[in-house]
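Please read the structure below before turning to the comments.
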Amino acid sequence: MSIDHEMEEILQLFFEESFEGLDTMESGLLTLDSSADLETINTIFRAAHSIKGGAGTFGFMEISGFTHSVETLLDEMRNGTRGITPDALQVLLESVDVVREMVQSAQAKRPIVMVGANALGGELMRILAQKGPVNSPAESAASKPEASVPAASAAPPGSAGIAVNGNLRGGALEGWRIVFEPDLSLFKTCNDPTRIFDELANLGTLEVEASTSKVPPLGELDPTQCFLSWTLLLRSPAEHARVAEVFDWVDANSKIVYEPIYGAAVSAGVANLPAAELPQAAGQRPTAAFDVPGAPVAGKSGGESGSLRVATEKVDALINLVGELVITQSMLGRFAEKYEPQDIESMRRSLAQLTRNTRELQESVLQIRMLQIGFSFNRFPRLVHDLSRTLGKKVDLKLSGENTELDKTVLEKISDPLVHLVRNALDHGLESPETRLAAGKSETGTLELHAFHEGGSIVIEVRDDGAGLDKDRILAKARERGLVDADAQLSDENIYNLIFVAGFSTADAVSDVSGRGVGMDVVRRNINDLGGHVQILSVPGRGSTIRIRLPLTLAILEGQMLRVGKEIYVASLVSIIETVQSKREDLSCVAGRAELFKHRSDHLPVIRLYELFGIEPDSRDITDGLLVVLEAEGRRVAMLVDELLAQQQVVIKSLETNFKQVPGLAGATIHGDGTVALILDVPGLVRTFLERQSVQFGRAA
């Protein structure tokens, strides 16, 4: 192994440890927000000290220099010469974001830009220059005299200045230059850039310049994707937190650069930096310019990471199983060389052993992809901390089941829907302290995230003890919009599911943070795309619970085999409600176009699978077959099949990779005899059918 390769491995270890240290600092600072604990302060200080020392060792002096100021402030706190104030904690939290961005730049071999660090460095110097109260938890631990700060490096209290090249220069904030490069999926998440620009224009004077450099030729253009990017010049003295708040709903994979424009004293040092050298930030962060990694791999923020950490015991188990397979292969190999009729029983035992080994190997490989949901939960203490400050609410966040494991792909794809649900609960679920006190509740609301295994699925619950959903208001709004007939009688569950209709909202005004129903259709679609299901439970005045049920992995499917003619299909057991034999009197027709099946109190559209896929069934008479009741995206349909076969686990093979994407199909699997069975994409199948039949479930219910 070359020296360069060894150094590269050591460097990567530094990056991983730095990200772990930053996570430790952030979680510790959030704990200090509610209680001052000396051991927690020491833990945060040690993490900062390690990052500073490591950065200096590898020549990242920008990181080392900025972290030194953070370390100084923490040192005064742990030595009892400075108290723990909300102002100092907020600056320290934003400093964590700045250091994380700097480390990410170093890891990606990009230039480390000091704009954010310089701006925040001025705030650190301002706090250090102020004489603060003594930190009570550490009073008995030490009584060092208060550290002095050189007057030349300290910002005068109340001055508006930033540190540029190590010097503090005055100058009023005049505005912001913002480079906005949205993720391609911007439109799919119901975001409209013009609404963002309108919000910015409310803060001051806005100039917008669009870049079309990434727009493909017309023949290759996908209208559902956003290929534009913008440079925005906002002339307004608004603080960063207020400007960044406008981008709260933007996907975490989007790139947003905030460049402050100060007076003439600093404009030459800051405002003229090229955009490529400015720190990039995800729009998810409500009060800080830099995104916090929520992915399981250190240094990966947002999106899907290409690697993961695996526990040593999982690798050891895999190696042991491979050894068992080799032994079994050797046992079977001898039969190929010399086979005697009396050896048939030995061959059967060897094949049974091979089957067991293969099943265990499959489970072990899947275990390698299993990660604790705590990796996703870890982002919420900071999110709740920032949003509760913005909304003026008191919130107690409780996390449980963090050790529950699920597939890495599922974990990454569920993160954004969870963020959306938590934002909704904070903004519209939990009441203000005054409203809660008037209702006889504690002024501090409770928000719970709970995960647990149930059967072959993982269940995630987002619970709050807020006002709950107003079903009468939801139903009235749905009738007003024509989503439900005036005389339709709906169950509570069906009423609550109306908030998943695209654009549906009962709010009188749109909130900057969230709105129940705004984007909830995207949440449900994302969950359904994972093969999951979402359910809402609510009690007026006592709170709401949103329960998400997901498969543990996307590689293996618990499926029901279905036969239509000579073709075999597989439907996920999660989507199947029941199977019934139809009767002639339960069938009806709407406008001569759509067949309906009376199922208890509902009328379900009937999907004739053979018509959708152009195959010949055993019989076209609906009473000769079976109706499989399916549920997807809050809708139920009855699918006609010829025969129900066995239930079994199937390995999903991608159709898109091996053939092409087919509407209504999620993939394929191979049977033991070599034949191929197609796996139904139940949500896609329902959407395809409705598009063809133009049937609206709300009116058919």
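Quick note on naming: the chains in the structure tokens go A, B, ... in the order shown, residues restart at 1 in each chain, and ligands are numbered from 1 in order of appearance.
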- prompt: Could you name the residues that touch Glu493 (chain A) at 9 Å or less, counting only C-alpha atoms, but leaving out those on the same chain fewer than 6 positions away, as a PyMOL selection string?
  reply: chain A and resi 535-537
Under the rule of at most 12 Å, produce a per-residue listing of region 314-366 of chain A near region 648-670 of chain A: chain, number, name, the closest pair of atoms, and the distance in Å, as a Markdown table, using only C-alpha atoms.
```
| residue | atom | partner | partner_atom | distance |
| --- | --- | --- | --- | --- |
| A:Arg359 | CA | A:Gln649 | CA | 11.1 |
| A:Gln362 | CA | A:Val651 | CA | 10.1 |
| A:Glu363 | CA | A:Val651 | CA | 11.9 |
| A:Leu366 | CA | A:Val651 | CA | 11.4 |
```
Can you write out the residues you just picked, keeping N, CA and C atoms, as a PDB file, in the first residue's frame?
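The resulting out_27.pdb:
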```
ATOM      1  N   ARG A 359     -31.278 -19.409   2.149  1.00  0.00           N
ATOM      2  CA  ARG A 359     -32.228 -18.540   2.840  1.00  0.00           C
ATOM      3  C   ARG A 359     -31.516 -17.687   3.890  1.00  0.00           C
ATOM      4  N   GLN A 362     -29.481 -15.001   2.186  1.00  0.00           N
ATOM      5  CA  GLN A 362     -30.353 -13.912   1.736  1.00  0.00           C
ATOM      6  C   GLN A 362     -30.691 -12.978   2.897  1.00  0.00           C
ATOM      7  N   GLU A 363     -31.046 -13.552   4.035  1.00  0.00           N
ATOM      8  CA  GLU A 363     -31.386 -12.736   5.198  1.00  0.00           C
ATOM      9  C   GLU A 363     -30.191 -11.929   5.686  1.00  0.00           C
ATOM     10  N   LEU A 366     -29.553  -8.987   3.363  1.00  0.00           N
ATOM     11  CA  LEU A 366     -30.535  -7.942   3.623  1.00  0.00           C
ATOM     12  C   LEU A 366     -30.216  -7.198   4.918  1.00  0.00           C
TER      13      LEU A 366
END
```
field: Non-local contacts of Arg563 (chain A) (6 Å; only C-alpha atoms; under 5 positions in same chain excluded) as a ChimeraX atom specification
entry: /A:568,642-643
Would you output that residue set with N, CA and C atoms, as an mmCIF file, in the first residue's frame?
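Writing done, so here's result-v1.cif:
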```cif
data_model
loop_
_atom_site.group_PDB
_atom_site.id
_atom_site.type_symbol
_atom_site.label_atom_id
_atom_site.label_comp_id
_atom_site.auth_asym_id
_atom_site.auth_seq_id
_atom_site.Cartn_x
_atom_site.Cartn_y
_atom_site.Cartn_z
ATOM 1 N N ILE A 568 -49.181 -15.135 -14.708
ATOM 2 C CA ILE A 568 -49.119 -15.082 -13.241
ATOM 3 C C ILE A 568 -48.668 -13.681 -12.833
ATOM 4 N N ASP A 642 -58.677 -14.658 -12.305
ATOM 5 C CA ASP A 642 -59.250 -15.995 -12.503
ATOM 6 C C ASP A 642 -59.047 -16.899 -11.295
ATOM 7 N N GLU A 643 -57.866 -16.779 -10.657
ATOM 8 C CA GLU A 643 -57.567 -17.717 -9.562
ATOM 9 C C GLU A 643 -56.566 -17.112 -8.600
#
```
message: I'd like the contact shell of Val606 (chain A) - 7 Å cut-off, only C-alpha atoms, skipping same-chain residues fewer than 3 positions apart - returned as a PyMOL selection string.
response: chain A and resi 595-597+637-640
message: Residues within 12 Å of Thr446 (chain A), please, as a PyMOL selection string. Count only C-alpha atoms; anything in the same chain fewer than 3 positions from it doesn't count.
response: chain A and resi 384+388+393-399+422+425-426+429-431+433+436+441-443+449+462-467+542-545
Output file for the residues above (C-alpha atoms, as a CSV table (one decimal), in the first residue's frame):
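Written out: result-v2.csv:
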```csv
chain,number,residue,atom,x,y,z
A,384,VAL,CA,-38.1,21.2,16.2
A,388,SER,CA,-40.5,26.3,17.8
A,393,LYS,CA,-44.3,27.7,20.7
A,394,LYS,CA,-43.1,25.5,23.4
A,395,VAL,CA,-42.6,21.9,22.3
A,396,ASP,CA,-41.3,18.8,24.1
A,397,LEU,CA,-40.0,16.3,21.4
A,398,LYS,CA,-40.0,12.6,22.4
A,399,LEU,CA,-38.3,10.0,20.3
A,422,VAL,CA,-43.4,17.1,11.7
A,425,ALA,CA,-47.7,19.0,13.5
A,426,LEU,CA,-45.7,22.0,14.8
A,429,GLY,CA,-51.3,20.6,15.2
A,430,LEU,CA,-49.9,22.1,18.3
A,431,GLU,CA,-51.5,25.3,19.7
A,433,PRO,CA,-48.9,28.5,24.8
A,436,ARG,CA,-53.2,25.6,25.4
A,441,LYS,CA,-53.5,22.1,28.9
A,442,SER,CA,-49.9,22.5,29.7
A,443,GLU,CA,-48.3,25.4,27.8
A,449,LEU,CA,-42.0,10.1,16.9
A,462,VAL,CA,-46.1,11.0,14.4
A,463,ARG,CA,-48.2,12.0,17.4
A,464,ASP,CA,-49.1,15.4,18.9
A,465,ASP,CA,-51.4,16.5,21.7
A,466,GLY,CA,-52.7,19.5,19.9
A,467,ALA,CA,-56.1,20.5,18.6
A,542,ARG,CA,-56.6,16.0,22.2
A,543,GLY,CA,-54.4,15.6,19.2
A,544,SER,CA,-53.6,13.6,16.1
A,545,THR,CA,-51.6,10.5,15.2
```
message: Considering only strand (DSSP E or B) as DSSP defines it on the backbone, what residues of region 312-440 of chain A qualify? List them as a PyMOL selection string.
response: chain A and resi 370-372+394-400+405-407
query: Near region 88-95 of chain A, within 9 Å and counting only C-alpha atoms, which residues show up once chain neighbours fewer than 4 positions away are dropped, as a ChimeraX atom specification?
result: /A:25-26,29-30,32-33,66-67,70,73-74,83-84,99-100,117,120-121,123-124,127,287-290,382
